[in-house]
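Enquirer: This is target33.txt, which holds compact mmCIF, C-alpha atoms:
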```txt
# COMPACT_ATOMS: atom_id res chain seq x y z
CA MET G 1 118.66 71.46 139.00
CA LYS G 2 115.60 69.96 137.38
CA LEU G 3 112.21 71.47 138.17
CA GLN G 4 111.16 68.30 139.96
CA TYR G 5 113.80 68.87 142.64
CA TRP G 6 112.29 72.23 143.51
CA ARG G 7 108.80 70.76 143.72
CA ILE G 8 110.08 68.05 146.06
CA PHE G 9 111.85 70.62 148.26
CA VAL G 10 108.74 72.81 148.54
CA ALA G 11 106.55 69.76 149.26
CA VAL G 12 108.85 68.69 152.10
CA CYS G 13 108.78 72.21 153.57
CA GLU G 14 104.98 72.50 153.33
CA ASN G 15 104.22 68.99 154.63
CA GLY G 16 106.84 68.96 157.40
CA SER G 17 108.35 65.56 156.70
CA ILE G 18 109.86 63.32 154.04
CA SER G 19 107.11 60.71 154.39
CA ALA G 20 104.25 63.23 154.07
CA ALA G 21 105.85 64.82 151.01
CA ALA G 22 106.40 61.39 149.45
CA ARG G 23 102.72 60.49 149.88
CA LYS G 24 101.60 63.77 148.30
CA LEU G 25 104.00 63.41 145.37
CA PHE G 26 103.33 59.67 144.91
CA MET G 27 107.02 58.94 145.40
CA THR G 28 109.00 56.67 147.68
CA GLN G 29 110.60 58.11 150.83
CA PRO G 30 114.12 57.16 149.69
CA ALA G 31 113.61 58.99 146.38
CA VAL G 32 112.51 62.16 148.21
CA SER G 33 115.42 61.94 150.68
CA ARG G 34 117.90 61.40 147.84
CA SER G 35 116.58 64.48 146.00
CA ILE G 36 117.04 66.70 149.07
CA MET G 37 120.57 65.36 149.62
CA GLU G 38 121.49 65.97 145.96
CA MET G 39 120.25 69.58 146.21
CA GLU G 40 122.36 70.14 149.34
CA GLU G 41 125.42 68.61 147.68
CA HIS G 42 124.89 70.62 144.49
CA TYR G 43 124.61 73.99 146.27
CA LYS G 44 126.95 73.00 149.13
CA ILE G 45 124.51 74.17 151.82
CA ARG G 46 122.34 72.49 154.42
CA LEU G 47 118.64 73.00 153.76
CA PHE G 48 117.37 71.19 156.88
CA GLU G 49 118.56 70.36 160.34
CA ARG G 50 117.61 66.82 161.39
CA ILE G 51 116.56 66.99 165.05
CA ASN G 52 114.77 64.05 166.71
CA ASN G 53 113.60 62.69 163.35
CA ARG G 54 112.21 66.12 162.48
CA LEU G 55 113.26 68.39 159.66
CA ILE G 56 113.86 72.03 160.62
CA LEU G 57 114.58 74.57 157.87
CA THR G 58 117.92 76.25 158.21
CA GLU G 59 118.31 79.97 157.57
CA GLU G 60 119.70 79.11 154.12
CA GLY G 61 116.76 76.75 153.60
CA ARG G 62 114.23 79.52 154.33
CA THR G 63 115.94 81.77 151.77
CA VAL G 64 115.93 78.99 149.17
CA LEU G 65 112.23 78.26 149.90
CA GLY G 66 111.31 81.85 148.98
CA TYR G 67 113.16 81.57 145.66
CA ALA G 68 111.69 78.14 144.97
CA ARG G 69 108.10 79.24 145.54
CA GLU G 70 108.54 82.32 143.35
CA MET G 71 110.16 80.30 140.56
CA LEU G 72 107.45 77.60 140.62
CA SER G 73 104.70 80.21 140.62
CA HIS G 74 106.15 81.89 137.51
CA TYR G 75 106.63 78.53 135.83
CA ASP G 76 103.05 77.42 136.52
CA GLN G 77 101.68 80.70 135.16
CA MET G 78 103.81 80.36 132.03
CA ASP G 79 102.82 76.72 131.58
CA ALA G 80 99.10 77.52 131.87
CA ALA G 81 99.37 80.43 129.45
CA ILE G 82 101.23 78.40 126.83
CA LYS G 83 98.79 75.49 127.12
CA GLY G 84 95.95 77.98 126.78
CA LEU G 85 97.26 79.09 123.40
CA SER G 86 96.16 75.81 121.86
CA ASP G 87 92.67 76.21 123.34
CA ARG G 88 92.19 79.83 122.28
CA HIS G 89 90.47 80.44 118.99
CA GLN G 90 89.83 83.73 117.23
CA LEU G 91 87.13 84.75 114.80
CA ARG G 92 87.99 87.89 112.84
CA VAL G 93 84.93 89.97 111.94
CA GLY G 94 84.68 93.18 109.91
CA LEU G 95 81.66 95.48 110.23
CA SER G 96 80.54 98.54 108.36
CA PRO G 97 79.44 101.25 110.87
CA THR G 98 75.73 100.37 110.61
CA PHE G 99 76.31 97.04 112.31
CA ALA G 100 78.42 98.40 115.17
CA CYS G 101 75.39 98.89 117.39
CA SER G 102 72.77 96.66 119.00
CA MET G 103 72.86 94.23 116.06
CA ILE G 104 76.40 93.01 116.74
CA THR G 105 75.70 92.98 120.48
CA ASP G 106 72.84 90.54 119.95
CA ILE G 107 75.00 88.33 117.75
CA LEU G 108 77.89 88.26 120.24
CA GLN G 109 75.66 87.46 123.22
CA LYS G 110 74.16 84.45 121.49
CA PHE G 111 77.49 83.34 120.04
CA SER G 112 79.32 83.40 123.39
CA LEU G 113 76.76 81.05 124.93
CA GLN G 114 77.87 78.26 122.58
CA TYR G 115 81.50 79.24 122.03
CA PRO G 116 82.71 80.96 125.21
CA ASP G 117 86.36 80.15 124.39
CA VAL G 118 86.31 81.76 120.94
CA GLU G 119 87.55 85.35 120.95
CA VAL G 120 85.67 87.47 118.39
CA ARG G 121 87.93 90.26 117.15
CA ILE G 122 85.97 93.10 115.54
CA CYS G 123 87.08 95.88 113.21
CA VAL G 124 84.63 98.64 112.16
CA ASN G 125 85.42 100.38 108.89
CA GLN G 126 83.94 101.44 105.58
CA ALA G 127 82.76 98.66 103.26
CA PRO G 128 85.39 99.05 100.48
CA LEU G 129 88.25 98.64 102.95
CA LEU G 130 86.57 95.68 104.66
CA ILE G 131 86.07 93.94 101.32
CA GLU G 132 89.71 94.58 100.40
CA LYS G 133 90.90 93.10 103.70
CA MET G 134 88.52 90.14 103.38
CA THR G 135 89.99 89.40 99.95
CA ALA G 136 93.49 89.59 101.48
CA GLY G 137 92.51 86.99 104.09
CA GLU G 138 92.44 89.34 107.08
CA PHE G 139 88.80 88.59 108.01
CA ASP G 140 86.76 85.42 108.38
CA VAL G 141 83.37 87.16 108.14
CA ILE G 142 82.30 90.68 107.16
CA LEU G 143 78.92 92.43 107.36
CA VAL G 144 78.50 95.11 104.70
CA HIS G 145 75.79 96.69 102.56
CA ARG G 146 77.00 95.78 99.11
CA MET G 147 79.27 93.13 97.72
CA GLN G 148 79.86 92.04 94.16
CA GLU G 149 79.54 88.37 93.33
CA SER G 150 82.69 86.42 94.09
CA LYS G 151 83.84 82.86 93.45
CA SER G 152 85.86 82.95 96.66
CA PHE G 153 83.10 83.88 99.14
CA MET G 154 79.62 82.95 100.24
CA ILE G 155 77.41 86.06 100.09
CA GLU G 156 74.04 85.97 101.80
CA GLU G 157 71.94 89.02 100.91
CA ILE G 158 69.20 89.97 103.36
CA PRO G 159 66.74 92.84 102.80
CA GLY G 160 68.00 95.58 105.09
CA ASP G 161 66.73 98.96 106.16
CA GLU G 162 64.93 101.55 104.09
CA HIS G 163 66.23 104.95 103.13
CA LEU G 164 63.73 107.46 104.44
CA PHE G 165 62.98 111.12 103.87
CA PHE G 166 62.18 112.81 107.15
CA ALA G 167 61.32 116.19 108.62
CA ARG G 168 61.04 117.68 112.06
CA LYS G 169 57.76 116.74 113.74
CA GLY G 170 55.12 119.29 112.72
CA ASN G 171 57.28 120.77 109.96
CA ILE G 172 55.26 118.99 107.26
CA LEU G 173 51.50 119.47 107.23
CA PRO G 174 49.40 116.27 107.39
CA ASP G 175 48.12 116.73 103.84
CA ARG G 176 51.67 117.06 102.60
CA LYS G 177 53.05 113.79 103.91
CA VAL G 178 53.33 112.65 100.32
CA LEU G 179 55.63 114.81 98.21
CA SER G 180 56.58 114.59 94.57
CA PHE G 181 60.12 114.67 93.30
CA TYR G 182 59.57 118.26 92.21
CA ASP G 183 58.32 119.18 95.71
CA LEU G 184 61.65 117.99 97.05
CA ARG G 185 63.52 120.37 94.80
CA GLY G 186 61.89 123.26 96.64
CA LYS G 187 63.03 122.04 100.07
CA LYS G 188 66.29 122.45 101.91
CA LEU G 189 67.67 118.98 101.41
CA CYS G 190 70.15 117.42 103.82
CA LEU G 191 71.98 114.32 102.59
CA LYS G 192 75.02 112.16 103.17
CA ILE G 193 78.00 113.02 100.99
CA LYS G 194 78.61 111.26 97.68
CA GLY G 195 80.16 107.85 98.15
CA HIS G 196 77.85 106.78 100.96
CA VAL G 197 75.35 104.06 100.12
CA SER G 198 72.25 106.17 100.84
CA ARG G 199 73.44 109.09 98.72
CA ASP G 200 74.59 106.92 95.82
CA MET G 201 71.30 105.01 95.77
CA LEU G 202 69.31 108.26 95.74
CA ASP G 203 71.39 109.77 92.95
CA THR G 204 71.11 106.59 90.87
CA LEU G 205 67.34 106.39 91.36
CA THR G 206 66.61 110.02 90.49
CA ARG G 207 69.03 110.04 87.56
CA GLU G 208 67.38 106.95 86.05
CA ARG G 209 63.84 108.17 86.68
CA TYR G 210 64.10 111.94 86.21
CA GLY G 211 67.35 112.41 84.35
CA THR G 212 68.80 114.56 87.12
CA VAL G 213 69.92 114.44 90.75
CA LEU G 214 68.88 116.43 93.78
CA THR G 215 71.18 119.15 95.03
CA PRO G 216 71.43 119.38 98.82
CA VAL G 217 71.97 122.58 100.76
CA PHE G 218 73.69 120.54 103.46
CA GLU G 219 75.68 117.34 103.15
CA SER G 220 77.84 115.51 105.63
CA VAL G 221 79.63 112.26 106.28
CA ASP G 222 78.02 112.29 109.75
CA ALA G 223 74.39 111.21 110.10
CA ARG G 224 74.05 113.13 113.39
CA ALA G 225 74.90 116.34 111.59
CA VAL G 226 72.17 115.67 109.02
CA VAL G 227 69.59 114.97 111.74
CA ASN G 228 70.54 118.06 113.75
CA TYR G 229 70.22 120.28 110.68
CA VAL G 230 66.71 118.97 109.97
CA LEU G 231 65.67 119.38 113.61
CA ASN G 232 66.82 122.99 113.73
CA ILE G 233 66.29 124.48 110.26
CA LYS G 234 62.79 125.23 108.98
CA ASN G 235 61.58 123.83 105.67
CA SER G 236 64.37 121.23 105.65
CA ILE G 237 64.08 117.56 104.75
CA GLY G 238 66.74 114.93 105.24
CA MET G 239 67.26 111.44 103.88
CA LEU G 240 69.00 108.70 105.86
CA PRO G 241 68.70 104.95 106.39
CA TYR G 242 66.34 103.79 109.13
CA CYS G 243 69.17 102.65 111.40
CA GLU G 244 70.28 106.27 111.78
CA LEU G 245 66.77 107.54 112.52
CA HIS G 246 65.12 104.99 114.79
CA GLU G 247 65.97 106.82 118.03
CA GLU G 248 64.41 110.10 116.81
CA LEU G 249 61.39 108.13 115.58
CA GLN G 250 61.00 106.49 118.96
CA ARG G 251 61.19 109.86 120.73
CA GLY G 252 58.65 111.35 118.31
CA GLN G 253 61.03 114.09 117.11
CA ILE G 254 60.63 113.43 113.39
CA SER G 255 57.98 112.48 110.84
CA ILE G 256 58.64 110.20 107.90
CA VAL G 257 57.88 111.89 104.59
CA GLN G 258 56.81 109.68 101.73
CA VAL G 259 58.01 110.71 98.29
CA LYS G 260 55.83 109.46 95.50
CA GLY G 261 57.53 106.76 93.47
CA PHE G 262 60.49 106.55 95.83
CA LYS G 263 61.31 103.23 97.48
CA SER G 264 64.90 102.47 98.38
CA VAL G 265 66.01 99.49 100.45
CA ARG G 266 69.65 98.58 100.96
CA ASN G 267 70.52 94.95 101.47
CA PHE G 268 72.66 93.57 104.26
CA CYS G 269 75.38 91.21 103.04
CA VAL G 270 76.87 88.53 105.27
CA VAL G 271 80.11 87.55 103.56
CA SER G 272 82.06 84.46 104.61
CA ARG G 273 84.55 82.03 103.14
CA LYS G 274 83.28 79.01 101.24
CA LYS G 275 85.62 76.74 103.19
CA LYS G 276 85.07 77.61 106.83
CA SER G 277 87.97 76.54 109.03
CA VAL G 278 87.58 78.63 112.19
CA ILE G 279 85.65 77.19 115.12
CA GLY G 280 82.28 78.91 115.44
CA GLU G 281 82.45 80.53 112.00
CA GLU G 282 79.37 78.72 110.68
CA LEU G 283 77.33 79.60 113.77
CA PHE G 284 78.35 83.26 113.63
CA VAL G 285 77.11 83.51 110.05
CA THR G 286 73.80 81.85 110.97
CA LEU G 287 73.29 84.14 113.97
CA ALA G 288 74.10 87.21 111.89
CA GLU G 289 71.44 86.23 109.37
CA GLU G 290 68.87 85.61 112.12
CA VAL G 291 69.56 88.90 113.90
CA LEU G 292 69.39 90.89 110.66
CA GLU G 293 66.05 89.27 109.78
CA LYS G 294 64.77 90.21 113.24
CA TYR G 295 66.05 93.77 112.78
CA ARG G 296 64.07 94.08 109.57
CA LYS G 297 60.84 93.06 111.33
CA ILE G 298 61.44 95.55 114.15
CA MET G 299 61.97 98.30 111.56
CA GLU G 300 58.76 97.46 109.71
CA GLU G 301 56.76 97.52 112.93
CA GLN G 302 58.16 100.86 114.06
CA LEU G 303 57.51 102.42 110.67
CA ARG G 304 53.92 101.16 110.72
CA GLN G 305 53.44 102.74 114.13
CA ALA G 306 54.88 105.98 112.74
CA GLY G 307 52.31 105.96 109.91
CA TYR G 308 54.68 104.96 107.12
CA PRO G 309 54.14 104.24 104.35
CA TYR G 310 51.38 106.78 103.86
CA GLN G 311 48.13 105.18 102.72
CA PRO G 312 45.51 107.68 101.43
CA GLU G 313 41.95 107.00 102.53
```
Translate the structure of the given file into structure tokens.
Expert:
Amino acid sequence: MKLQYWRIFVAVCENGSISAAARKLFMTQPAVSRSIMEMEEHYKIRLFERINNRLILTEEGRTVLGYAREMLSHYDQMDAAIKGLSDRHQLRVGLSPTFACSMITDILQKFSLQYPDVEVRICVNQAPLLIEKMTAGEFDVILVHRMQESKSFMIEEIPGDEHLFFARKGNILPDRKVLSFYDLRGKKLCLKIKGHVSRDMLDTLTRERYGTVLTPVFESVDARAVVNYVLNIKNSIGMLPYCELHEELQRGQISIVQVKGFKSVRNFCVVSRKKKSVIGEELFVTLAEEVLEKYRKIMEEQLRQAGYPYQPE
């Protein structure tokens, strides 16, 4: 039995007559009648009793109606889902952990207003793995902190957040807000472990300038652990990027410590393919650049309010 037969049968049952069903289905009455008769002949049952020009469902007909409605419901759901596959688009985005916060939320909110039917699939991981997967074609866009030049990708570098030395509020006297490199060597330093951008940039800077690197008493892969150590251990100073300190700055728990001759800013890199083929890909890149520029301005304003950088009178 073709699907159309079942739709005709259900229409007759729901409209109460051959003529009403024919009008709804834009068919002729003889065509509807013939379909019902062919169903009865095929299954060798009577679906309707004809009494005084009225159609009354038989007991068999009521049973068949239940099956027919269930079958048509499943078919319609399947049909809609399959048709929806052609309308569904995906944008695959990779983020280093820094971006998996309010920054990506802002981007997604603005993106969904213009492309509500595009599903943005996000993976948060360390930059080297994201770059490897981008090269393998597993991402359309990635947001990372460092990316070597590539002939295959468009790389937009945007000045990102600063790496900041910090101490617990009140732990550094006002006249000691500016420390020298050698002052740092007398403090209990808390740093990210080697391999993280902030730690590698610090080691590179001090090695080039002073011929040596700082030795921390505490190092961790977790920024929260570094912050907690500084907040609880006297005479300790930590160094982290702004994005991992802004909440403590806002609550007034920490002071920014300027180190003479030290200025370290990590760039944000928006990496995309040169030939963009996914719907919304171009807009996502543009929004990412705009949000990251806005983030930079917010950072600068908060640091100014916190008295950084230190300007002697």
Enquirer: List every residue of region 37-98 of chain G that has an atom at most 12 Å from any atom of region 20-31 of chain G, and for each one report the closest atom pair and its distance in Å to one decimal, counting only C-alpha atoms, with rows sorted by chain and then by increasing residue number, as JSON lines.
Expert:
```
{"residue": "G:Met37", "atom": "CA", "partner": "G:Ala31", "partner_atom": "CA", "distance": 10.0}
{"residue": "G:Glu38", "atom": "CA", "partner": "G:Ala31", "partner_atom": "CA", "distance": 10.5}
{"residue": "G:Arg54", "atom": "CA", "partner": "G:Ala20", "partner_atom": "CA", "distance": 11.9}
{"residue": "G:Leu55", "atom": "CA", "partner": "G:Ala20", "partner_atom": "CA", "distance": 11.8}
```
Enquirer: Excluding same-chain residues fewer than 4 positions from Leu245 (chain G), what lies within 10 Å of it counting all atoms listed in the file, as a list of chain:residue names?
Expert: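 Result of the neighbour search: G:His163, G:Leu164, G:Phe166, G:Ala223, G:Arg224, G:Val227, G:Met239, G:Leu240, G:Pro241, G:Leu249, G:Gln250, G:Gln253, G:Ile254, G:Ile256.
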Enquirer: With distances taken over all atoms listed in the file, which of G:Arg146, G:Thr206, G:Leu91, G:Arg199 is nearest to Lys276 (chain G)?
Expert: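 For Lys276 (chain G), the nearest of the given residues is G:Leu91.
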Enquirer: Do you know which residues are at most 9 Å from region 110-126 of chain G counting all atoms listed in the file, after dropping those on the same chain fewer than 6 positions away, and could you put them as a ChimeraX atom specification?
Expert: /G:87-97,99-100,144,279-280,283-284,287
Enquirer: Could you check which of G:Arg69, G:Arg296, G:Lys133, G:Arg251 is closest to Cys13 (chain G), using only C-alpha atoms?
Expert: G:Arg69
Enquirer: Some atoms are absent from region 34-69 of chain G, so rebuild N, CA and C atoms and return them as a PDB file, in the frame of the given file.
Expert:
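Saved as result-v7.pdb:
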```
ATOM      1  N   ARG G  34     116.758  61.286 148.749  1.00  0.00           N
ATOM      2  CA  ARG G  34     117.900  61.400 147.840  1.00  0.00           C
ATOM      3  C   ARG G  34     117.873  62.734 147.088  1.00  0.00           C
ATOM      4  N   SER G  35     116.696  63.203 146.709  1.00  0.00           N
ATOM      5  CA  SER G  35     116.580  64.480 146.000  1.00  0.00           C
ATOM      6  C   SER G  35     117.043  65.639 146.864  1.00  0.00           C
ATOM      7  N   ILE G  36     116.641  65.627 148.161  1.00  0.00           N
ATOM      8  CA  ILE G  36     117.040  66.700 149.070  1.00  0.00           C
ATOM      9  C   ILE G  36     118.558  66.680 149.266  1.00  0.00           C
ATOM     10  N   MET G  37     119.123  65.485 149.424  1.00  0.00           N
ATOM     11  CA  MET G  37     120.570  65.360 149.620  1.00  0.00           C
ATOM     12  C   MET G  37     121.323  65.858 148.389  1.00  0.00           C
ATOM     13  N   GLU G  38     120.818  65.533 147.185  1.00  0.00           N
ATOM     14  CA  GLU G  38     121.490  65.970 145.960  1.00  0.00           C
ATOM     15  C   GLU G  38     121.436  67.486 145.817  1.00  0.00           C
ATOM     16  N   MET G  39     120.330  68.123 146.246  1.00  0.00           N
ATOM     17  CA  MET G  39     120.250  69.580 146.210  1.00  0.00           C
ATOM     18  C   MET G  39     121.278  70.189 147.157  1.00  0.00           C
ATOM     19  N   GLU G  40     121.393  69.613 148.367  1.00  0.00           N
ATOM     20  CA  GLU G  40     122.360  70.140 149.340  1.00  0.00           C
ATOM     21  C   GLU G  40     123.789  69.975 148.837  1.00  0.00           C
ATOM     22  N   GLU G  41     124.078  68.830 148.216  1.00  0.00           N
ATOM     23  CA  GLU G  41     125.420  68.610 147.680  1.00  0.00           C
ATOM     24  C   GLU G  41     125.711  69.550 146.516  1.00  0.00           C
ATOM     25  N   HIS G  42     124.692  69.774 145.657  1.00  0.00           N
ATOM     26  CA  HIS G  42     124.890  70.620 144.490  1.00  0.00           C
ATOM     27  C   HIS G  42     125.199  72.067 144.890  1.00  0.00           C
ATOM     28  N   TYR G  43     124.430  72.590 145.883  1.00  0.00           N
ATOM     29  CA  TYR G  43     124.610  73.990 146.270  1.00  0.00           C
ATOM     30  C   TYR G  43     125.563  74.152 147.456  1.00  0.00           C
ATOM     31  N   LYS G  44     126.004  73.003 148.010  1.00  0.00           N
ATOM     32  CA  LYS G  44     126.950  73.000 149.130  1.00  0.00           C
ATOM     33  C   LYS G  44     126.420  73.799 150.325  1.00  0.00           C
ATOM     34  N   ILE G  45     125.137  73.571 150.635  1.00  0.00           N
ATOM     35  CA  ILE G  45     124.510  74.170 151.820  1.00  0.00           C
ATOM     36  C   ILE G  45     123.640  73.116 152.477  1.00  0.00           C
ATOM     37  N   ARG G  46     123.293  73.367 153.745  1.00  0.00           N
ATOM     38  CA  ARG G  46     122.340  72.490 154.420  1.00  0.00           C
ATOM     39  C   ARG G  46     120.970  73.170 154.382  1.00  0.00           C
ATOM     40  N   LEU G  47     119.988  72.444 153.855  1.00  0.00           N
ATOM     41  CA  LEU G  47     118.640  73.000 153.760  1.00  0.00           C
ATOM     42  C   LEU G  47     117.831  72.707 155.029  1.00  0.00           C
ATOM     43  N   PHE G  48     118.113  71.587 155.687  1.00  0.00           N
ATOM     44  CA  PHE G  48     117.370  71.190 156.880  1.00  0.00           C
ATOM     45  C   PHE G  48     118.342  70.751 157.969  1.00  0.00           C
ATOM     46  N   GLU G  49     117.927  70.981 159.196  1.00  0.00           N
ATOM     47  CA  GLU G  49     118.560  70.360 160.340  1.00  0.00           C
ATOM     48  C   GLU G  49     117.702  69.165 160.721  1.00  0.00           C
ATOM     49  N   ARG G  50     118.342  68.015 160.979  1.00  0.00           N
ATOM     50  CA  ARG G  50     117.610  66.820 161.390  1.00  0.00           C
ATOM     51  C   ARG G  50     117.705  66.688 162.893  1.00  0.00           C
ATOM     52  N   ILE G  51     116.594  67.002 163.597  1.00  0.00           N
ATOM     53  CA  ILE G  51     116.560  66.990 165.050  1.00  0.00           C
ATOM     54  C   ILE G  51     115.415  66.084 165.496  1.00  0.00           C
ATOM     55  N   ASN G  52     115.782  64.998 166.202  1.00  0.00           N
ATOM     56  CA  ASN G  52     114.770  64.050 166.710  1.00  0.00           C
ATOM     57  C   ASN G  52     113.803  63.612 165.613  1.00  0.00           C
ATOM     58  N   ASN G  53     114.396  63.174 164.501  1.00  0.00           N
ATOM     59  CA  ASN G  53     113.600  62.690 163.350  1.00  0.00           C
ATOM     60  C   ASN G  53     112.682  63.765 162.764  1.00  0.00           C
ATOM     61  N   ARG G  54     112.976  65.026 163.060  1.00  0.00           N
ATOM     62  CA  ARG G  54     112.210  66.120 162.480  1.00  0.00           C
ATOM     63  C   ARG G  54     113.125  66.957 161.597  1.00  0.00           C
ATOM     64  N   LEU G  55     112.512  67.530 160.558  1.00  0.00           N
ATOM     65  CA  LEU G  55     113.260  68.390 159.660  1.00  0.00           C
ATOM     66  C   LEU G  55     112.958  69.848 160.007  1.00  0.00           C
ATOM     67  N   ILE G  56     114.001  70.614 160.301  1.00  0.00           N
ATOM     68  CA  ILE G  56     113.860  72.030 160.620  1.00  0.00           C
ATOM     69  C   ILE G  56     114.621  72.823 159.558  1.00  0.00           C
ATOM     70  N   LEU G  57     113.925  73.761 158.893  1.00  0.00           N
ATOM     71  CA  LEU G  57     114.580  74.570 157.870  1.00  0.00           C
ATOM     72  C   LEU G  57     115.704  75.401 158.474  1.00  0.00           C
ATOM     73  N   THR G  58     116.828  75.375 157.805  1.00  0.00           N
ATOM     74  CA  THR G  58     117.920  76.250 158.210  1.00  0.00           C
ATOM     75  C   THR G  58     117.632  77.660 157.668  1.00  0.00           C
ATOM     76  N   GLU G  59     118.466  78.616 158.075  1.00  0.00           N
ATOM     77  CA  GLU G  59     118.310  79.970 157.570  1.00  0.00           C
ATOM     78  C   GLU G  59     118.489  79.986 156.052  1.00  0.00           C
ATOM     79  N   GLU G  60     119.503  79.211 155.568  1.00  0.00           N
ATOM     80  CA  GLU G  60     119.700  79.110 154.120  1.00  0.00           C
ATOM     81  C   GLU G  60     118.485  78.463 153.453  1.00  0.00           C
ATOM     82  N   GLY G  61     117.931  77.452 154.136  1.00  0.00           N
ATOM     83  CA  GLY G  61     116.760  76.750 153.600  1.00  0.00           C
ATOM     84  C   GLY G  61     115.555  77.675 153.442  1.00  0.00           C
ATOM     85  N   ARG G  62     115.361  78.580 154.428  1.00  0.00           N
ATOM     86  CA  ARG G  62     114.230  79.520 154.330  1.00  0.00           C
ATOM     87  C   ARG G  62     114.423  80.464 153.143  1.00  0.00           C
ATOM     88  N   THR G  63     115.661  80.898 152.921  1.00  0.00           N
ATOM     89  CA  THR G  63     115.940  81.770 151.770  1.00  0.00           C
ATOM     90  C   THR G  63     115.664  81.034 150.458  1.00  0.00           C
ATOM     91  N   VAL G  64     116.138  79.786 150.389  1.00  0.00           N
ATOM     92  CA  VAL G  64     115.930  78.990 149.170  1.00  0.00           C
ATOM     93  C   VAL G  64     114.437  78.739 148.949  1.00  0.00           C
ATOM     94  N   LEU G  65     113.676  78.515 150.026  1.00  0.00           N
ATOM     95  CA  LEU G  65     112.230  78.260 149.900  1.00  0.00           C
ATOM     96  C   LEU G  65     111.522  79.444 149.242  1.00  0.00           C
ATOM     97  N   GLY G  66     111.916  80.673 149.601  1.00  0.00           N
ATOM     98  CA  GLY G  66     111.310  81.850 148.980  1.00  0.00           C
ATOM     99  C   GLY G  66     111.561  81.887 147.486  1.00  0.00           C
ATOM    100  N   TYR G  67     112.835  81.598 147.095  1.00  0.00           N
ATOM    101  CA  TYR G  67     113.160  81.570 145.660  1.00  0.00           C
ATOM    102  C   TYR G  67     112.397  80.458 144.950  1.00  0.00           C
ATOM    103  N   ALA G  68     112.331  79.300 145.600  1.00  0.00           N
ATOM    104  CA  ALA G  68     111.690  78.140 144.970  1.00  0.00           C
ATOM    105  C   ALA G  68     110.207  78.401 144.718  1.00  0.00           C
ATOM    106  N   ARG G  69     109.533  78.960 145.717  1.00  0.00           N
ATOM    107  CA  ARG G  69     108.100  79.240 145.540  1.00  0.00           C
ATOM    108  C   ARG G  69     107.856  80.258 144.429  1.00  0.00           C
TER     109      ARG G  69
END
```
